[in-house]
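Asker: Quick one: the structure is below, questions incoming.
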Amino acid sequence: MKDTPINYNVVKTKFEESNLASIGKASIREIKKLVDEIERETGDKYIRMEMGIPGLPPSQVGVDAEIAALKRGVASTYPDIQGIPELKKEAARFVNLFLNIDVNEEGCIPTVGSMQGGFAAFITVNRMYEEKDTVLFLDPGFPVHKQQISVLKQKSESFDVYNYRGEKLRDKLESILQKGNISAMLYSNPNNPSWICFTEKELQIIGELADKYEVVVLEDLAYVGMDFRKDLYTPGEPPYQATAAKYTDNYILFISSSKAFSYAGQRIGMMIISDALYNKKCPDLKKYFSSDQFGYAMIFGTVYPLSAGVTHSAQCALAAMYKAANDGEFNFVDEVKEYGEKAKVMKKLFTDNGFYIVYNTDVDEPIADGFYFTFAYPGFSGEELLNELIYYGISTISLAITGSERTEGIRACVSLVQRSQFPDLEYRLKKFNEHHPVKEKQL
Ligand SMILES: Cc1ncc(COP(=O)(O)O)c(C=O)c1O
């Protein structure tokens, strides 16, 4: 029996009872269940870093608007599939003021979370041209997107961008896109799980190649405004949220309200389709949809049969949050900055105790502190590290399930960790380091 921060025998027994072959290979929900049980049995609280859920209260502007909408009786009427007019108007303003791009309101379409936006996009983009039937993932990425491709029985390719940052990205992308089978390329920016942010140069490369090879850029802005190295909240003034939309007219942006507005529970996000793509005509679409126009096919051919639109009151809430942000009355960036501040402290606790950050730069700049960070420990694979950290009261997920080639890595999400837990975290990391001395040759 080892002197671990969490009772060794309880962890061992609970792990055996769970029938999991390895904690390091378990899904996020399986880890959550196991840790819930250990916490119940021991009464000890874990440093919970496995799930990417908001740790802040929902935006009050949204809650107030939603309650008012329900009281007005909106629950009894189906909202328009393409979105209520007020939301479409404020979404177009939002991308104009915070991303500095111009989009017609028509192309701003609510979805049931960005999650449904991604699903709808895969269905539609892979039907535009017979020969373009494969989505390219710029990994590491959000595992659910791969699950979506799999249930749709669609094809995907992927590569880890870690080794292809900066100008190297061009040759790598070109080597894949020139085959002619790629319909779209997807990435999140800032990135889940690594929190890397593409540089302007990289976004320009992505945009240029999207035009050259007629590939749709699927830019997932689940963490819009959250590259805290710059203050991205001044409506209509630089600096703006970086986006490939500055460099191509061939894009769909997915703007989640889950993290930036802490509105995950209401399941609403926006899909922003560029004017050029919205109006694009692709004869092959006619095989599946009543129209060959991309935007029309997306709304009435794909979004309609998925859920016939998005919860009416949630649309009113999002319209109000955008309006307040657009009018300079709701600094949503300030409200979530706490994630970055916690990450800064936590990363230091890890690195002071023998750990290192896996994805640690954006080409020539240190990575931002944000919602996630990635770490590893000399001499351990990610799976081994996860298996061991569970005895030290720290729960996380392995990078291996995110398409990362850095299989020694672990993803940590800072949102649920309270500042009052920092002393516990420090003690546990110290103990881990004490029990697993780093050998000279591993450094
Ligand atoms: C990269 C990424 N995309 C999409 C989502 C899903 O967002 P939503 O809650 O809007 O469906 C998440 C949520 O964690 C995410 O990290």
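We name chains A, B, ... following the order of the structure tokens; residues begin at 1 in each chain, and ligands are numbered from 1 as shown.
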Could you list, as number ranges by chain, all the residues within 6 Å of ligand 1, counting only C-alpha atoms and all ligand atoms?
Answerer: A: 52, 113-115, 142, 188, 192, 220, 222, 256-258, 264, 269
Asker: Hey, what's within 12 Å of A:His145 if we count only C-alpha atoms and toss same-chain stuff fewer than 3 positions away? As a ChimeraX atom specification, please?
Answerer: /A:114-122,135-142,148-152,154-156,158,185-188,192,218,220,401-403
Asker: Give me, as a PyMOL selection string, all polymer residues having an atom no more than 6 Å from stretch 358-372 of chain A, counting only C-alpha atoms and skipping those fewer than 4 positions away in the same chain.
Answerer: chain A and resi 194-195+229+339-340+343-344+412-414
Asker: Restricting the output to C-alpha atoms, write the selected residues as a PDB file, in the first residue's frame.
Answerer:
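Printed below is out-v9.pdb as written:
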ATOM      1  CA  SER A 194      -4.384  22.211 -26.627  1.00  0.00           C
ATOM      2  CA  TRP A 195      -5.360  25.903 -26.437  1.00  0.00           C
ATOM      3  CA  ARG A 229      -3.214  37.559 -24.498  1.00  0.00           C
ATOM      4  CA  TYR A 339     -10.283  30.838 -16.609  1.00  0.00           C
ATOM      5  CA  GLY A 340      -7.035  32.257 -17.978  1.00  0.00           C
ATOM      6  CA  ALA A 343      -4.688  28.422 -15.780  1.00  0.00           C
ATOM      7  CA  LYS A 344      -1.631  30.597 -15.219  1.00  0.00           C
ATOM      8  CA  ALA A 412      -6.537  19.569 -18.151  1.00  0.00           C
ATOM      9  CA  CYS A 413      -9.633  21.742 -18.027  1.00  0.00           C
ATOM     10  CA  VAL A 414      -9.450  24.531 -15.458  1.00  0.00           C
TER      11      VAL A 414
END
Asker: Rounded to one decimal in Å, what is the spacing between atom CA of A:Cys282 and atom CA of A:Asn126?
Answerer: 11.4 Å
Asker: Would you list, as a ChimeraX atom specification, the residues of stretch 194-432 of chain A that end up in helix (DSSP H, G or I) under DSSP run on this structure's backbone?
Answerer: /A:200-213,244-246,264-266,275-279,283-287,294-307,312-326,332-351,382-392,399-402,419-432
Asker: Excluding A:Val35 and residues on its chain fewer than 4 positions from it, collect all residues at most 12 Å away from it, counting only C-alpha atoms, and give them as number ranges by chain.
Answerer: A: 6, 10-12, 14-15, 18, 23, 26, 28-31, 39-51, 389-396
Asker: Taking into account only C-alpha atoms, which residue in the set A:Asn19, A:Phe300, A:Asp160, A:Glu384 is nearest to A:Ser404?
Answerer: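 Selected residue with least distance to A:Ser404: A:Asp160.
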Asker: Please, which residues of stretch 151-242 of chain A, numbered as in this document, come out strand (DSSP E) from DSSP, as a list in words?
Answerer: Lys155, Ser156, Glu157, Ser158, Phe159, Asp160, Ile182, Ser183, Ala184, Met185, Leu186, Tyr187, Ser188, Val216, Val217, Leu218, Glu219, Asp220 and Leu221 of chain A
Asker: Contacts of stretch 241-250 of chain A at 7 Å or less, counting only C-alpha atoms, minus same-chain residues fewer than 3 places along, as an MDAnalysis selection string?
Answerer: chainID A and resid 98:99 101 200 203:204 206:208 210:211 216:217 224:225 232 274 276:277
Asker: Next, write the just-selected residues to a file, as a PDB file, in the first residue's frame, keeping N, CA and C atoms as the atom set.
Answerer:
ATOM      1  N   PHE A  98     -16.929  42.121 -33.531  1.00  0.00           N
ATOM      2  CA  PHE A  98     -15.884  41.404 -32.794  1.00  0.00           C
ATOM      3  C   PHE A  98     -14.957  40.564 -33.688  1.00  0.00           C
ATOM      4  N   LEU A  99     -15.354  40.318 -34.945  1.00  0.00           N
ATOM      5  CA  LEU A  99     -14.475  39.587 -35.865  1.00  0.00           C
ATOM      6  C   LEU A  99     -14.087  40.458 -37.054  1.00  0.00           C
ATOM      7  N   ILE A 101     -15.897  41.154 -39.746  1.00  0.00           N
ATOM      8  CA  ILE A 101     -16.294  40.597 -41.045  1.00  0.00           C
ATOM      9  C   ILE A 101     -17.752  40.984 -41.347  1.00  0.00           C
ATOM     10  N   GLU A 200      -2.093  34.810 -37.480  1.00  0.00           N
ATOM     11  CA  GLU A 200      -2.694  35.429 -38.681  1.00  0.00           C
ATOM     12  C   GLU A 200      -2.135  34.777 -39.937  1.00  0.00           C
ATOM     13  N   LEU A 203      -3.784  31.446 -40.476  1.00  0.00           N
ATOM     14  CA  LEU A 203      -5.171  31.605 -40.923  1.00  0.00           C
ATOM     15  C   LEU A 203      -5.215  32.050 -42.385  1.00  0.00           C
ATOM     16  N   GLN A 204      -4.230  32.856 -42.756  1.00  0.00           N
ATOM     17  CA  GLN A 204      -4.144  33.300 -44.146  1.00  0.00           C
ATOM     18  C   GLN A 204      -3.853  32.102 -45.069  1.00  0.00           C
ATOM     19  N   ILE A 206      -4.631  28.997 -44.486  1.00  0.00           N
ATOM     20  CA  ILE A 206      -5.863  28.190 -44.532  1.00  0.00           C
ATOM     21  C   ILE A 206      -6.855  28.823 -45.521  1.00  0.00           C
ATOM     22  N   GLY A 207      -7.008  30.138 -45.434  1.00  0.00           N
ATOM     23  CA  GLY A 207      -7.939  30.842 -46.311  1.00  0.00           C
ATOM     24  C   GLY A 207      -7.538  30.732 -47.777  1.00  0.00           C
ATOM     25  N   GLU A 208      -6.267  30.946 -48.045  1.00  0.00           N
ATOM     26  CA  GLU A 208      -5.794  30.902 -49.444  1.00  0.00           C
ATOM     27  C   GLU A 208      -5.994  29.514 -50.047  1.00  0.00           C
ATOM     28  N   ALA A 210      -8.123  27.254 -49.056  1.00  0.00           N
ATOM     29  CA  ALA A 210      -9.561  26.959 -49.168  1.00  0.00           C
ATOM     30  C   ALA A 210     -10.055  27.464 -50.522  1.00  0.00           C
ATOM     31  N   ASP A 211      -9.585  28.657 -50.922  1.00  0.00           N
ATOM     32  CA  ASP A 211      -9.988  29.213 -52.218  1.00  0.00           C
ATOM     33  C   ASP A 211      -9.393  28.406 -53.368  1.00  0.00           C
ATOM     34  N   VAL A 216     -14.380  24.119 -48.005  1.00  0.00           N
ATOM     35  CA  VAL A 216     -15.036  25.004 -47.039  1.00  0.00           C
ATOM     36  C   VAL A 216     -14.263  24.985 -45.714  1.00  0.00           C
ATOM     37  N   VAL A 217     -13.985  26.172 -45.191  1.00  0.00           N
ATOM     38  CA  VAL A 217     -13.345  26.255 -43.873  1.00  0.00           C
ATOM     39  C   VAL A 217     -14.449  26.164 -42.809  1.00  0.00           C
ATOM     40  N   VAL A 224     -14.803  31.783 -28.422  1.00  0.00           N
ATOM     41  CA  VAL A 224     -14.683  33.101 -29.057  1.00  0.00           C
ATOM     42  C   VAL A 224     -14.277  34.175 -28.028  1.00  0.00           C
ATOM     43  N   GLY A 225     -13.296  34.966 -28.409  1.00  0.00           N
ATOM     44  CA  GLY A 225     -12.865  36.076 -27.545  1.00  0.00           C
ATOM     45  C   GLY A 225     -11.960  35.658 -26.402  1.00  0.00           C
ATOM     46  N   LEU A 232     -10.022  41.196 -26.287  1.00  0.00           N
ATOM     47  CA  LEU A 232     -10.815  41.133 -27.523  1.00  0.00           C
ATOM     48  C   LEU A 232     -12.205  41.755 -27.375  1.00  0.00           C
ATOM     49  N   SER A 274     -20.778  32.387 -44.834  1.00  0.00           N
ATOM     50  CA  SER A 274     -20.393  33.562 -45.633  1.00  0.00           C
ATOM     51  C   SER A 274     -21.413  33.772 -46.758  1.00  0.00           C
ATOM     52  N   ALA A 276     -20.916  34.401 -49.871  1.00  0.00           N
ATOM     53  CA  ALA A 276     -20.567  33.685 -51.113  1.00  0.00           C
ATOM     54  C   ALA A 276     -20.968  32.216 -51.022  1.00  0.00           C
ATOM     55  N   LEU A 277     -20.698  31.594 -49.877  1.00  0.00           N
ATOM     56  CA  LEU A 277     -21.047  30.171 -49.734  1.00  0.00           C
ATOM     57  C   LEU A 277     -22.569  30.007 -49.660  1.00  0.00           C
TER      58      LEU A 277
END
Asker: Could you tell me which of A:Tyr304, A:Phe330, A:Tyr322, A:Tyr213 comes closest to A:Tyr78 if we count only C-alpha atoms?
Answerer: A:Tyr304
Asker: Counting only C-alpha atoms, which of A:Val438, A:Val303, A:Ala317, A:Ala308 gets nearest to A:Gln266?
Answerer: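 Result for the nearest residue to A:Gln266: A:Ala317.
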Asker: Grab the atom CA of A:Glu157 to atom CA of A:Arg170 distance for me, in Å with one decimal place.
Answerer: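 Computing the Euclidean distance for atom CA of A:Glu157 and atom CA of A:Arg170 yields 16.5 Å.
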Asker: Restricting the calculation to only C-alpha atoms, which member of A:Leu177, A:Met346, A:Ala75, A:Ala376 is positioned closest to A:Gln421?
Answerer: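 The shortest atom-to-atom distance to A:Gln421 comes from A:Met346.
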Asker: Would you mind telling me which residue in A:Lys88, A:Lys172, A:Lys201, A:Lys337 lies nearest to A:Cys108 when using only C-alpha atoms?
Answerer: A:Lys88
Asker: Using atom CA of A:Gly382 and atom CA of A:Arg406 as the two end points, give the distance in Å to one decimal.
Answerer: 8.5 Å
Asker: Mind checking which residues fall within 10 Å of stretch 65-71 of chain A, counting only C-alpha atoms, ignoring those fewer than 3 positions away in the same chain, and posting them as a short mmCIF file (atom, residue, chain, number, x, y, z; two decimals) with C-alpha atoms, in the first residue's frame?
Answerer:
data_model
loop_
_atom_site.label_atom_id
_atom_site.label_comp_id
_atom_site.auth_asym_id
_atom_site.auth_seq_id
_atom_site.Cartn_x
_atom_site.Cartn_y
_atom_site.Cartn_z
CA GLN A 60 -27.66 37.35 -16.39
CA VAL A 61 -28.65 39.24 -19.55
CA GLY A 62 -29.52 35.92 -21.17
CA VAL A 74 -43.11 32.27 -26.93
CA ALA A 75 -43.11 28.63 -25.80
CA SER A 76 -46.32 27.95 -27.67
CA GLN A 266 -29.72 26.02 -23.07
CA HIS A 312 -37.68 29.88 -29.02
CA SER A 313 -36.80 31.33 -25.59
CA ALA A 314 -33.10 30.41 -25.98
CA GLN A 315 -33.05 32.41 -29.22
CA CYS A 316 -34.46 35.42 -27.36
CA ALA A 317 -31.75 35.00 -24.72
CA LEU A 318 -28.94 34.84 -27.26
CA ALA A 319 -30.32 37.83 -29.16
CA ALA A 320 -30.28 39.82 -25.91
CA MET A 321 -26.73 38.73 -25.01
#
Asker: With distances taken over only C-alpha atoms, which of A:Gly301, A:Pro54, A:Pro79, A:Gly236 is nearest to A:Phe289?
Answerer: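 Selected residue with least distance to A:Phe289: A:Gly301.
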